[in-house]
$ cat final.tsv   # TSV, C-alpha atoms and all ligand atoms
chain	number	residue	atom	x	y	z
Z	425	MET	CA	72.27	123.50	162.72
Z	426	ALA	CA	74.64	124.86	160.07
Z	427	LYS	CA	73.48	124.27	156.53
Z	428	LYS	CA	75.60	121.96	154.37
Z	429	PRO	CA	77.51	123.95	151.74
Z	430	LYS	CA	76.10	123.62	148.21
Z	431	THR	CA	79.33	122.25	146.83
Z	432	THR	CA	82.60	120.97	148.22
Z	433	ILE	CA	85.98	120.39	146.63
Z	434	ASP	CA	87.28	116.88	147.22
Z	435	GLU	CA	90.85	115.67	147.67
Z	436	HIS	CA	91.29	115.45	143.87
Z	437	GLY	CA	90.10	119.01	143.27
Z	438	GLN	CA	86.74	117.78	141.96
Z	439	THR	CA	83.59	119.73	142.77
Z	440	ARG	CA	80.97	117.63	144.56
Z	441	ASP	CA	77.40	118.68	145.22
Z	442	ARG	CA	75.60	118.61	148.54
Z	443	ARG	CA	75.01	114.86	148.19
Z	444	GLY	CA	78.70	114.30	147.44
Z	445	GLU	CA	78.12	113.63	143.76
Z	446	TRP	CA	80.64	114.50	141.08
Z	447	ARG	CA	79.70	115.04	137.44
Z	448	SER	CA	82.08	115.15	134.53
Z	449	GLY	CA	80.24	118.03	132.88
Z	450	ARG	CA	79.89	115.97	129.70
Z	451	PRO	CA	76.34	114.97	128.77
Z	452	VAL	CA	75.50	111.26	128.86
Z	453	TYR	CA	77.23	109.68	125.90
Z	454	LEU	CA	75.02	108.10	123.24
Z	455	GLU	CA	76.82	106.05	120.64
Z	456	PRO	CA	76.30	107.69	117.23
Z	457	LEU	CA	75.30	104.77	114.96
Z	458	LEU	CA	71.59	104.94	115.84
Z	459	ASN	CA	71.59	108.26	117.67
Z	460	ASP	CA	73.09	110.31	114.85
Z	461	PRO	CA	73.13	108.02	111.78
Z	462	LEU	CA	74.09	110.75	109.28
Z	463	ASN	CA	77.21	111.67	111.20
Z	464	VAL	CA	79.55	109.48	109.14
Z	465	LYS	CA	82.70	111.02	110.60
Z	466	GLY	CA	81.45	110.57	114.15
Z	467	ILE	CA	80.47	106.97	113.46
Z	468	ALA	CA	83.87	106.19	111.94
Z	469	LYS	CA	85.58	107.74	114.97
Z	470	TRP	CA	83.37	105.76	117.34
Z	471	LEU	CA	83.93	102.50	115.43
Z	472	PHE	CA	87.71	102.72	115.18
Z	473	GLY	CA	88.68	105.18	117.92
Z	474	PHE	CA	89.86	104.39	121.42
Z	475	PRO	CA	87.75	103.89	123.39
Z	476	GLY	CA	85.33	102.97	120.63
Z	477	PHE	CA	83.12	100.13	119.52
Z	478	PHE	CA	85.92	97.66	118.87
Z	479	ALA	CA	88.55	98.83	121.32
Z	480	PRO	CA	88.88	97.95	124.04
Z	481	TRP	CA	85.74	96.08	125.15
Z	482	PHE	CA	84.71	94.23	121.97
Z	483	ALA	CA	88.29	93.04	121.51
Z	484	ILE	CA	88.57	91.96	125.14
Z	485	TYR	CA	85.34	89.96	124.90
Z	486	MET	CA	86.56	88.28	121.70
Z	487	LEU	CA	89.72	87.24	123.52
Z	488	VAL	CA	87.81	85.95	126.53
Z	489	ILE	CA	85.28	83.94	124.51
Z	490	GLY	CA	88.02	82.68	122.17
Z	491	ILE	CA	90.06	81.32	125.09
Z	492	SER	CA	86.96	79.96	126.84
Z	493	TYR	CA	85.75	78.24	123.66
Z	494	ALA	CA	89.12	76.73	122.82
Z	495	PHE	CA	90.25	75.63	126.28
Z	496	PHE	CA	87.38	75.71	128.76
Z	497	THR	CA	84.33	74.39	126.93
Z	498	PRO	CA	83.49	70.68	126.82
Z	499	SER	CA	83.60	69.07	123.36
Z	500	LEU	CA	80.32	69.08	121.43
Z	501	ASP	CA	80.07	65.27	121.34
Z	502	ARG	CA	79.93	65.18	125.16
Z	503	MET	CA	77.10	67.73	125.27
Z	504	GLY	CA	74.59	65.75	123.19
Z	505	SER	CA	73.00	64.34	126.32
Z	506	LEU	CA	72.43	66.14	129.59
Z	507	SER	CA	74.90	64.91	132.17
Z	508	ALA	CA	76.35	66.43	135.31
Z	509	ASP	CA	80.01	66.24	134.29
Z	510	TRP	CA	80.02	68.75	131.44
Z	511	ILE	CA	77.29	70.91	133.01
Z	512	LEU	CA	79.42	71.30	136.14
Z	513	GLU	CA	82.43	72.18	133.99
Z	514	ILE	CA	80.49	75.05	132.41
Z	515	ILE	CA	79.19	76.24	135.78
Z	516	ALA	CA	82.71	76.13	137.22
Z	517	ARG	CA	84.14	77.99	134.21
Z	518	ASN	CA	81.53	80.76	134.50
Z	519	VAL	CA	81.85	81.09	138.28
Z	520	ILE	CA	85.64	81.33	138.03
Z	521	LEU	CA	85.44	83.79	135.15
Z	522	LEU	CA	82.93	85.98	136.97
Z	523	THR	CA	85.15	85.97	140.06
Z	524	LEU	CA	88.25	86.95	138.10
Z	525	TRP	CA	86.52	89.58	135.96
Z	526	ASN	CA	84.49	91.28	138.69
Z	527	GLY	CA	87.37	90.78	141.09
Z	528	VAL	CA	89.77	92.79	138.93
Z	529	PHE	CA	87.37	95.75	138.81
Z	530	HIS	CA	86.51	95.49	142.48
Z	531	LEU	CA	90.12	95.23	143.60
Z	532	TRP	CA	91.27	98.11	141.39
Z	533	PHE	CA	88.52	100.54	142.28
Z	534	TYR	CA	87.26	99.57	145.73
Z	535	ARG	CA	89.69	97.37	147.59
Z	536	TRP	CA	93.01	98.86	146.56
Z	537	ARG	CA	91.41	102.20	145.63
Z	538	LYS	CA	94.05	102.65	142.96
Z	539	GLN	CA	92.65	105.97	141.82
Z	540	GLY	CA	91.00	107.06	145.07
Z	541	ARG	CA	87.78	108.90	144.32
Z	542	GLN	CA	89.15	110.37	141.13
Z	543	LYS	CA	86.34	110.33	138.51
Z	544	LYS	CA	84.03	108.56	140.96
Z	545	TYR	CA	80.40	109.65	140.62
Z	546	ASN	CA	79.39	108.96	144.22
Z	547	ALA	CA	81.54	110.10	147.12
Z	548	ASN	CA	80.87	107.00	149.21
Z	549	TRP	CA	82.44	103.56	149.19
Z	550	MET	CA	80.49	100.31	149.43
Z	551	SER	CA	78.13	100.12	152.38
Z	552	LYS	CA	79.04	98.19	155.54
Z	553	ASN	CA	76.97	97.42	158.67
Z	554	ASN	CA	73.87	98.20	156.68
Z	555	PRO	CA	70.83	95.98	157.36
Z	556	THR	CA	69.46	96.80	153.88
Z	557	PHE	CA	71.89	94.25	152.50
Z	558	LEU	CA	72.31	90.52	153.08
Z	559	PHE	CA	75.02	89.89	155.70
Z	560	LYS	CA	74.74	93.67	156.41
Z	561	ASP	CA	77.43	94.18	153.79
Z	562	GLN	CA	76.84	95.54	150.31
Z	563	VAL	CA	79.74	93.72	148.66
Z	564	TRP	CA	78.92	90.30	150.16
Z	565	ASP	CA	75.24	90.80	149.29
Z	566	ASN	CA	76.11	91.77	145.73
Z	567	MET	CA	78.47	88.80	145.37
Z	568	PHE	CA	75.84	86.36	146.61
Z	569	TRP	CA	73.26	87.51	144.08
Z	570	SER	CA	75.85	87.71	141.29
Z	571	TYR	CA	76.78	84.06	141.81
Z	572	CYS	CA	73.06	83.20	141.61
Z	573	GLY	CA	73.15	85.03	138.29
Z	574	ALA	CA	76.08	82.88	137.17
Z	575	LEU	CA	73.86	79.81	137.65
Z	576	PHE	CA	71.17	81.27	135.35
Z	577	TRP	CA	73.85	82.22	132.81
Z	578	SER	CA	75.18	78.66	132.94
Z	579	ALA	CA	71.71	77.10	132.74
Z	580	TYR	CA	70.85	79.02	129.57
Z	581	GLU	CA	74.27	78.30	128.11
Z	582	CYS	CA	74.07	74.57	128.87
Z	583	GLY	CA	70.58	74.36	127.36
Z	584	LEU	CA	71.78	75.98	124.16
Z	585	TRP	CA	74.95	73.84	123.99
Z	586	TRP	CA	72.79	70.74	124.39
Z	587	ALA	CA	70.59	71.96	121.53
Z	588	TYR	CA	73.61	72.80	119.34
Z	589	ALA	CA	75.07	69.35	120.00
Z	590	ASN	CA	71.80	67.78	118.82
Z	591	ASP	CA	71.56	69.98	115.69
Z	592	TRP	CA	68.30	71.51	116.86
Z	593	LEU	CA	69.34	75.13	116.33
Z	594	PRO	CA	69.81	77.15	113.13
Z	595	TYR	CA	73.55	77.08	112.57
Z	596	ILE	CA	76.13	78.99	110.53
Z	597	ASP	CA	79.90	79.07	110.69
Z	598	PHE	CA	82.58	81.41	109.37
Z	599	SER	CA	83.48	79.30	106.34
Z	600	SER	CA	79.87	78.91	105.15
Z	601	ASN	CA	78.82	82.51	105.73
Z	602	PRO	CA	81.68	84.86	106.70
Z	603	VAL	CA	79.71	88.11	106.19
Z	604	TRP	CA	76.78	87.13	108.42
Z	605	PHE	CA	79.16	85.56	110.93
Z	606	CYS	CA	80.96	88.91	111.42
Z	607	LEU	CA	77.83	91.04	111.19
Z	608	ALA	CA	75.95	88.90	113.71
Z	609	MET	CA	78.86	89.23	116.13
Z	610	ALA	CA	78.77	93.03	115.79
Z	611	LEU	CA	74.99	93.05	116.25
Z	612	VAL	CA	75.05	91.11	119.52
Z	613	PRO	CA	75.60	94.22	121.74
Z	614	PHE	CA	72.73	96.04	120.01
Z	615	TRP	CA	70.36	93.11	120.45
Z	616	ARG	CA	71.39	92.74	124.09
Z	617	ASN	CA	70.70	96.36	124.88
Z	618	PHE	CA	67.37	96.36	123.05
Z	619	HIS	CA	66.36	93.26	125.01
Z	620	PHE	CA	67.63	94.78	128.26
Z	621	TYR	CA	65.60	97.95	127.70
Z	622	CYS	CA	62.43	95.88	127.16
Z	623	ILE	CA	62.80	93.66	130.22
Z	624	HIS	CA	64.00	96.59	132.31
Z	625	ARG	CA	60.86	98.59	131.52
Z	626	LEU	CA	58.81	95.51	132.34
Z	627	ILE	CA	60.37	95.06	135.79
Z	628	HIS	CA	59.82	98.72	136.58
Z	629	TRP	CA	56.09	97.96	136.45
Z	630	LYS	CA	55.17	98.43	140.11
Z	631	PRO	CA	54.06	94.87	140.99
Z	632	LEU	CA	57.28	93.49	139.51
Z	633	TYR	CA	59.41	96.30	140.88
Z	634	ASP	CA	58.15	95.72	144.42
Z	635	ARG	CA	58.76	91.96	144.29
Z	636	VAL	CA	61.74	91.64	141.95
Z	637	HIS	CA	63.64	94.67	140.75
Z	638	TYR	CA	63.76	96.44	144.14
Z	639	LEU	CA	66.65	94.13	144.99
Z	640	HIS	CA	68.91	95.59	142.30
Z	641	HIS	CA	67.89	99.13	143.26
Z	642	LYS	CA	68.98	98.70	146.84
Z	643	ASN	CA	72.27	99.74	145.28
Z	644	VAL	CA	72.04	103.51	144.86
Z	645	ASN	CA	75.79	103.75	145.07
Z	646	VAL	CA	77.00	101.03	142.73
Z	647	GLY	CA	80.15	98.94	142.45
Z	648	PRO	CA	81.25	96.18	140.04
Z	649	TRP	CA	79.49	93.42	141.98
Z	650	SER	CA	76.23	95.41	142.05
Z	651	GLY	CA	75.70	94.87	138.34
Z	652	MET	CA	74.37	91.33	138.61
Z	653	ALA	CA	72.95	91.72	142.11
Z	654	MET	CA	69.45	90.86	140.99
Z	655	HIS	CA	66.46	88.84	142.10
Z	656	PRO	CA	66.44	85.37	140.45
Z	657	VAL	CA	63.34	86.31	138.44
Z	658	GLU	CA	65.32	89.22	137.03
Z	659	HIS	CA	68.21	86.86	136.23
Z	660	LEU	CA	65.76	84.62	134.38
Z	661	LEU	CA	64.51	87.54	132.27
Z	662	TYR	CA	67.90	89.22	131.92
Z	663	PHE	CA	69.71	86.19	130.50
Z	664	SER	CA	66.78	85.26	128.23
Z	665	CYS	CA	68.41	87.45	125.56
Z	666	VAL	CA	70.42	84.34	124.58
Z	667	LEU	CA	67.24	82.63	123.40
Z	668	ILE	CA	67.53	84.63	120.18
Z	669	HIS	CA	69.92	81.90	119.00
Z	670	VAL	CA	66.98	79.50	118.93
Z	671	VAL	CA	65.56	81.43	115.99
Z	672	VAL	CA	68.43	83.38	114.40
Z	673	PRO	CA	71.08	81.35	112.56
Z	674	SER	CA	74.24	81.64	114.61
Z	675	HIS	CA	77.39	79.91	115.73
Z	676	PRO	CA	77.97	78.91	119.38
Z	677	LEU	CA	80.57	81.72	119.50
Z	678	HIS	CA	77.76	84.24	118.95
Z	679	MET	CA	75.82	82.63	121.77
Z	680	MET	CA	78.90	82.73	123.99
Z	681	PHE	CA	79.52	86.41	123.23
Z	682	ASN	CA	75.88	87.18	124.00
Z	683	ALA	CA	75.93	85.20	127.27
Z	684	PHE	CA	79.38	86.39	128.37
Z	685	GLN	CA	78.67	90.04	127.72
Z	686	THR	CA	75.40	89.69	129.62
Z	687	GLY	CA	77.22	88.05	132.54
Z	688	LEU	CA	80.36	90.17	132.60
Z	689	GLY	CA	79.22	93.53	131.21
Z	690	PRO	CA	77.38	94.67	134.37
Z	691	ALA	CA	80.66	94.89	136.30
Z	692	VAL	CA	81.85	97.48	133.79
Z	693	SER	CA	78.58	99.40	133.62
Z	694	HIS	CA	78.30	99.51	137.43
Z	695	SER	CA	81.90	100.41	138.19
Z	696	GLY	CA	80.75	103.81	139.49
Z	697	PHE	CA	83.70	105.55	137.83
Z	698	ASP	CA	83.67	107.76	134.73
Z	699	GLU	CA	87.25	106.94	133.79
Z	700	ILE	CA	89.81	104.31	134.62
Z	701	VAL	CA	92.91	106.26	135.60
Z	702	PHE	CA	96.37	104.71	135.36
Z	703	GLY	CA	99.09	106.56	137.21
Z	704	ASP	CA	98.86	110.33	137.08
Z	705	GLU	CA	98.18	110.90	133.42
Z	706	LYS	CA	96.72	108.04	131.40
Z	707	SER	CA	93.04	107.31	131.63
Z	708	VAL	CA	90.39	105.45	129.65
Z	709	ARG	CA	86.90	106.89	129.45
Z	710	ASN	CA	84.35	104.53	130.85
Z	711	ASP	CA	81.19	106.67	130.33
Z	712	ARG	CA	78.83	104.75	132.60
Z	713	TYR	CA	77.03	107.85	133.76
Z	714	MET	CA	73.82	106.87	131.98
Z	715	HIS	CA	73.17	103.80	134.11
Z	716	TYR	CA	74.54	105.45	137.23
Z	717	LEU	CA	71.78	108.05	136.84
Z	718	HIS	CA	69.25	105.24	136.56
Z	719	HIS	CA	70.29	104.02	140.00
Z	720	ARG	CA	70.18	107.57	141.29
Z	721	TYR	CA	66.75	108.55	139.91
Z	722	HIS	CA	65.04	105.19	139.07
Z	723	ASN	CA	62.62	106.40	136.38
Z	724	VAL	CA	65.16	107.52	133.79
Z	725	ASN	CA	67.69	105.82	131.53
Z	726	PHE	CA	66.26	102.32	131.30
Z	727	GLY	CA	68.53	101.39	128.42
Z	728	GLU	CA	72.15	101.66	127.47
Z	729	SER	CA	74.05	104.04	125.23
Z	730	ASN	CA	74.12	102.20	121.90
Z	731	VAL	CA	70.33	101.86	121.41
Z	732	PRO	CA	68.89	105.31	122.26
Z	733	LEU	CA	65.40	104.11	123.18
Z	734	ASP	CA	65.38	106.40	126.21
Z	735	LYS	CA	65.87	109.41	123.96
Z	736	TRP	CA	63.12	108.25	121.60
Z	737	PHE	CA	60.66	107.57	124.43
Z	738	GLY	CA	61.49	110.63	126.56
Z	739	SER	CA	63.20	108.95	129.50
Z	740	LEU	CA	66.75	110.12	128.80
Z	741	HIS	CA	68.39	112.00	131.65
Z	742	ASP	CA	71.57	113.40	130.12
Z	743	GLY	CA	73.06	114.46	133.45
Z	744	SER	CA	72.56	118.19	132.89
Z	745	PRO	CA	70.89	120.57	135.39
Z	746	GLU	CA	68.14	121.06	132.73
Z	747	SER	CA	67.42	117.32	132.79
Z	748	ASP	CA	67.38	117.42	136.60
Z	749	LEU	CA	64.78	120.16	136.49
Z	750	HIS	CA	62.70	118.43	133.83
Z	751	PHE	CA	62.51	115.10	135.65
Z	752	ARG	CA	61.86	116.81	138.97
Z	753	GLU	CA	58.79	118.39	137.32
Z	754	VAL	CA	57.75	115.02	135.82
Z	755	HIS	CA	58.07	113.44	139.27
Z	756	LYS	CA	56.08	116.23	140.91
Z	757	LYS	CA	53.26	115.83	138.38
Z	758	ARG	CA	53.24	112.04	138.87
Z	759	VAL	CA	52.96	112.41	142.66
Z	760	GLN	CA	50.19	115.00	142.29
Z	761	GLY	CA	48.39	112.65	139.87
Z	762	GLN	CA	48.62	109.81	142.38
Z	763	GLN	CA	47.24	112.06	145.13
Z	764	VAL	CA	44.31	113.08	142.89
Z	765	ASP	CA	43.65	109.41	142.05
Z	766	ALA	CA	43.72	108.48	145.73
Z	767	SER	CA	41.34	111.25	146.81
Z	801	ZN	ZN	71.94	98.62	137.44
Z	802	ZN	ZN	65.92	99.68	137.19

$ encode --input "final.tsv" --output "structure tokens" --more "lines below"
Ligand SMILES: [Zn+2]
Ligand SMILES: [Zn+2]
Amino acid sequence: MAKKPKTTIDEHGQTRDRRGEWRSGRPVYLEPLLNDPLNVKGIAKWLFGFPGFFAPWFAIYMLVIGISYAFFTPSLDRMGSLSADWILEIIARNVILLTLWNGVFHLWFYRWRKQGRQKKYNANWMSKNNPTFLFKDQVWDNMFWSYCGALFWSAYECGLWWAYANDWLPYIDFSSNPVWFCLAMALVPFWRNFHFYCIHRLIHWKPLYDRVHYLHHKNVNVGPWSGMAMHPVEHLLYFSCVLIHVVVPSHPLHMMFNAFQTGLGPAVSHSGFDEIVFGDEKSVRNDRYMHYLHHRYHNVNFGESNVPLDKWFGSLHDGSPESDLHFREVHKKRVQGQQVDAS
């Protein structure tokens, strides 16, 4: 049989390797605040550039939580006691929001294929007729588990709203403490990613991986709905990042930002595309290569790009051929070690 060529050129002129993978050639992007704290110029550019810390995603989340808080959240006096009416309103709000948010990404990239495979890491589209997935369909499987996730998101959120309404939680607002209010909002993404790294390492522990996290990793080729396609135990751990508001003085808007980014962020980080391309020229860098490589290789890149724990603990795969070689060696040694242990 003829050997597959080492590389191919796709319809967009992009070079793809034997497995059909495309790489941008840029190393995995680590946000400079913690990765390179003396690089003041780089940090300023990252903070105020586009895309940067504030634009577009932080700003978009502020808009989404602002609208949700003002128009689609029950009043605090109704939430003092647990009752089905307001709990169902929050569940409905989150389910609708998840559908709209993930739906936009899914439609753009996968249904309408607005940019074809341009800047797409993996050559393939979502899997169909594949018994690995529920309903033999990757998208339907991913949607099912994502909606389960929305229930955990809502459960945590309702619990915290109930506690806020009863004055059980440490509370601040903008007028009493404007500096902490703004700082805490900016710290939410860092806390989330620190928490995610910790629980992610935990569920890669073999007994938990085999029973829980395997479900997320069925998705080697990821799409927006894959992000929250998790086992319910993983949902329970994943959304527990919002419990920080039980101990840290915050406003419900901080809690909403934390919960919303946890619920909606995975669609962005699992888009499978390096850039969002509009028309022929304009594009916005998406830089989700780090987590894509986690799905590809499993034992690398447990965290996200703003808290460089992977770099500090030696699990960062930066996407380069050198990293490939290094982790192939690490893997080989691990397998040899297991064989020695077994003999
Ligand atoms: Zn993932
Ligand atoms: Zn994982």

$ residues_near_ligand --input "final.tsv" --ligand "ligand ZN 802 (chain Z)" --cutoff "12 Å" --atoms "only C-alpha atoms and all ligand atoms" --output "PyMOL selection string"
chain Z and resi 620-630+632-634+636-644+651-655+658+662+714-728

$ write_last_selection --input "final.tsv" --atoms "C-alpha atoms" --output "compact mmCIF listing (two decimals), keeping the file's coordinate frame"
# COMPACT_ATOMS: atom_id res chain seq x y z
CA PHE Z 620 67.63 94.78 128.26
CA TYR Z 621 65.60 97.95 127.70
CA CYS Z 622 62.43 95.88 127.16
CA ILE Z 623 62.80 93.66 130.22
CA HIS Z 624 64.00 96.59 132.31
CA ARG Z 625 60.86 98.59 131.52
CA LEU Z 626 58.81 95.51 132.34
CA ILE Z 627 60.37 95.06 135.79
CA HIS Z 628 59.82 98.72 136.58
CA TRP Z 629 56.09 97.96 136.45
CA LYS Z 630 55.17 98.43 140.11
CA LEU Z 632 57.28 93.49 139.51
CA TYR Z 633 59.41 96.30 140.88
CA ASP Z 634 58.15 95.72 144.42
CA VAL Z 636 61.74 91.64 141.95
CA HIS Z 637 63.64 94.67 140.75
CA TYR Z 638 63.76 96.44 144.14
CA LEU Z 639 66.65 94.13 144.99
CA HIS Z 640 68.91 95.59 142.30
CA HIS Z 641 67.89 99.13 143.26
CA LYS Z 642 68.98 98.70 146.84
CA ASN Z 643 72.27 99.74 145.28
CA VAL Z 644 72.04 103.51 144.86
CA GLY Z 651 75.70 94.87 138.34
CA MET Z 652 74.37 91.33 138.61
CA ALA Z 653 72.95 91.72 142.11
CA MET Z 654 69.45 90.86 140.99
CA HIS Z 655 66.46 88.84 142.10
CA GLU Z 658 65.32 89.22 137.03
CA TYR Z 662 67.90 89.22 131.92
CA MET Z 714 73.82 106.87 131.98
CA HIS Z 715 73.17 103.80 134.11
CA TYR Z 716 74.54 105.45 137.23
CA LEU Z 717 71.78 108.05 136.84
CA HIS Z 718 69.25 105.24 136.56
CA HIS Z 719 70.29 104.02 140.00
CA ARG Z 720 70.18 107.57 141.29
CA TYR Z 721 66.75 108.55 139.91
CA HIS Z 722 65.04 105.19 139.07
CA ASN Z 723 62.62 106.40 136.38
CA VAL Z 724 65.16 107.52 133.79
CA ASN Z 725 67.69 105.82 131.53
CA PHE Z 726 66.26 102.32 131.30
CA GLY Z 727 68.53 101.39 128.42
CA GLU Z 728 72.15 101.66 127.47

$ residues_near_point --input "final.tsv" --point "(82.9, 81.0, 114.7)" --cutoff "10 Å" --atoms "only C-alpha atoms" --output "list in words"
Gly490, Tyr493, Ile596, Asp597, Phe598, Ser599, Asn601, Pro602, Phe605, Cys606, Met609, Ser674, His675, Pro676, Leu677 and His678 of chain Z

$ write_last_selection --input "final.tsv" --atoms "C-alpha atoms" --output "PDB file, keeping the file's coordinate frame"
ATOM      1  CA  GLY Z 490      88.020  82.680 122.170  1.00  0.00           C
ATOM      2  CA  TYR Z 493      85.750  78.240 123.660  1.00  0.00           C
ATOM      3  CA  ILE Z 596      76.130  78.990 110.530  1.00  0.00           C
ATOM      4  CA  ASP Z 597      79.900  79.070 110.690  1.00  0.00           C
ATOM      5  CA  PHE Z 598      82.580  81.410 109.370  1.00  0.00           C
ATOM      6  CA  SER Z 599      83.480  79.300 106.340  1.00  0.00           C
ATOM      7  CA  ASN Z 601      78.820  82.510 105.730  1.00  0.00           C
ATOM      8  CA  PRO Z 602      81.680  84.860 106.700  1.00  0.00           C
ATOM      9  CA  PHE Z 605      79.160  85.560 110.930  1.00  0.00           C
ATOM     10  CA  CYS Z 606      80.960  88.910 111.420  1.00  0.00           C
ATOM     11  CA  MET Z 609      78.860  89.230 116.130  1.00  0.00           C
ATOM     12  CA  SER Z 674      74.240  81.640 114.610  1.00  0.00           C
ATOM     13  CA  HIS Z 675      77.390  79.910 115.730  1.00  0.00           C
ATOM     14  CA  PRO Z 676      77.970  78.910 119.380  1.00  0.00           C
ATOM     15  CA  LEU Z 677      80.570  81.720 119.500  1.00  0.00           C
ATOM     16  CA  HIS Z 678      77.760  84.240 118.950  1.00  0.00           C
TER      17      HIS Z 678
END

$ atom_distance --input "final.tsv" --atom1 "atom CA of Arg616 of chain Z" --atom2 "atom CA of Leu462 of chain Z"
23.5 Å

$ atom_distance --input "final.tsv" --atom1 "atom CA of Asn518 of chain Z" --atom2 "atom CA of Pro613 of chain Z"
19.5 Å

$ closest_atom_pairs --input "final.tsv" --of "segment 635-715 of chain Z" --to "segment 537-550 of chain Z" --cutoff "9 Å" --atoms "only C-alpha atoms" --output "JSON lines"
{"residue": "Z:Asn645", "atom": "CA", "partner": "Z:Asn546", "partner_atom": "CA", "distance": 6.4}
{"residue": "Z:Val646", "atom": "CA", "partner": "Z:Met550", "partner_atom": "CA", "distance": 7.6}
{"residue": "Z:Gly647", "atom": "CA", "partner": "Z:Met550", "partner_atom": "CA", "distance": 7.1}
{"residue": "Z:Ser695", "atom": "CA", "partner": "Z:Lys544", "partner_atom": "CA", "distance": 8.9}
{"residue": "Z:Gly696", "atom": "CA", "partner": "Z:Lys544", "partner_atom": "CA", "distance": 6.0}
{"residue": "Z:Phe697", "atom": "CA", "partner": "Z:Lys544", "partner_atom": "CA", "distance": 4.4}
{"residue": "Z:Asp698", "atom": "CA", "partner": "Z:Lys543", "partner_atom": "CA", "distance": 5.3}
{"residue": "Z:Glu699", "atom": "CA", "partner": "Z:Lys543", "partner_atom": "CA", "distance": 5.9}
{"residue": "Z:Ile700", "atom": "CA", "partner": "Z:Gln539", "partner_atom": "CA", "distance": 7.9}
{"residue": "Z:Val701", "atom": "CA", "partner": "Z:Gln539", "partner_atom": "CA", "distance": 6.2}
{"residue": "Z:Phe702", "atom": "CA", "partner": "Z:Gln539", "partner_atom": "CA", "distance": 7.6}
{"residue": "Z:Gly703", "atom": "CA", "partner": "Z:Gln539", "partner_atom": "CA", "distance": 7.9}
{"residue": "Z:Asp704", "atom": "CA", "partner": "Z:Gln539", "partner_atom": "CA", "distance": 8.9}
{"residue": "Z:Tyr713", "atom": "CA", "partner": "Z:Tyr545", "partner_atom": "CA", "distance": 7.9}

$ axis_aligned_box --input "final.tsv" --around "segment 594-605 of chain Z" --padding-each-side "8 Å" --output "lines of an AutoDock Vina configuration file"
center_x = 76.6
center_y = 82.6
center_z = 109.1
size_x = 29.7
size_y = 27.0
size_z = 24.0

$ atom_distance --input "final.tsv" --atom1 "atom CA of Ala579 of chain Z" --atom2 "atom CA of Ile514 of chain Z"
9.0 Å

$ decode --input "final.tsv" --residues "segment 565-598 of chain Z" --atoms "C-alpha atoms" --output "mmCIF file, in the first residue's frame"
data_model
loop_
_atom_site.group_PDB
_atom_site.id
_atom_site.type_symbol
_atom_site.label_atom_id
_atom_site.label_comp_id
_atom_site.auth_asym_id
_atom_site.auth_seq_id
_atom_site.Cartn_x
_atom_site.Cartn_y
_atom_site.Cartn_z
ATOM 1 C CA ASP Z 565 -23.699 13.718 22.547
ATOM 2 C CA ASN Z 566 -21.852 16.927 23.378
ATOM 3 C CA MET Z 567 -25.100 18.894 23.588
ATOM 4 C CA PHE Z 568 -26.662 16.354 25.941
ATOM 5 C CA TRP Z 569 -23.769 16.517 28.390
ATOM 6 C CA SER Z 570 -23.501 20.300 28.075
ATOM 7 C CA TYR Z 571 -27.138 20.702 29.120
ATOM 8 C CA CYS Z 572 -26.413 18.457 32.125
ATOM 9 C CA GLY Z 573 -23.631 20.926 32.877
ATOM 10 C CA ALA Z 574 -26.116 23.804 32.699
ATOM 11 C CA LEU Z 575 -28.069 22.143 35.518
ATOM 12 C CA PHE Z 576 -24.963 22.032 37.748
ATOM 13 C CA TRP Z 577 -24.185 25.654 36.846
ATOM 14 C CA SER Z 578 -27.750 26.614 37.783
ATOM 15 C CA ALA Z 579 -27.707 24.566 40.999
ATOM 16 C CA TYR Z 580 -24.558 26.291 42.247
ATOM 17 C CA GLU Z 581 -25.877 29.671 41.163
ATOM 18 C CA CYS Z 582 -29.249 29.156 42.866
ATOM 19 C CA GLY Z 583 -27.561 28.017 46.077
ATOM 20 C CA LEU Z 584 -25.417 31.132 46.149
ATOM 21 C CA TRP Z 585 -28.340 33.445 45.289
ATOM 22 C CA TRP Z 586 -30.322 31.891 48.138
ATOM 23 C CA ALA Z 587 -27.385 32.533 50.472
ATOM 24 C CA TYR Z 588 -26.963 36.120 49.219
ATOM 25 C CA ALA Z 589 -30.673 36.756 49.730
ATOM 26 C CA ASN Z 590 -30.342 35.585 53.337
ATOM 27 C CA ASP Z 591 -27.205 37.671 54.018
ATOM 28 C CA TRP Z 592 -25.144 34.577 54.719
ATOM 29 C CA LEU Z 593 -22.261 35.477 52.408
ATOM 30 C CA PRO Z 594 -19.506 38.088 52.750
ATOM 31 C CA TYR Z 595 -20.735 40.974 50.623
ATOM 32 C CA ILE Z 596 -19.304 44.102 49.018
ATOM 33 C CA ASP Z 597 -20.695 46.449 46.401
ATOM 34 C CA PHE Z 598 -19.211 49.079 44.116
#
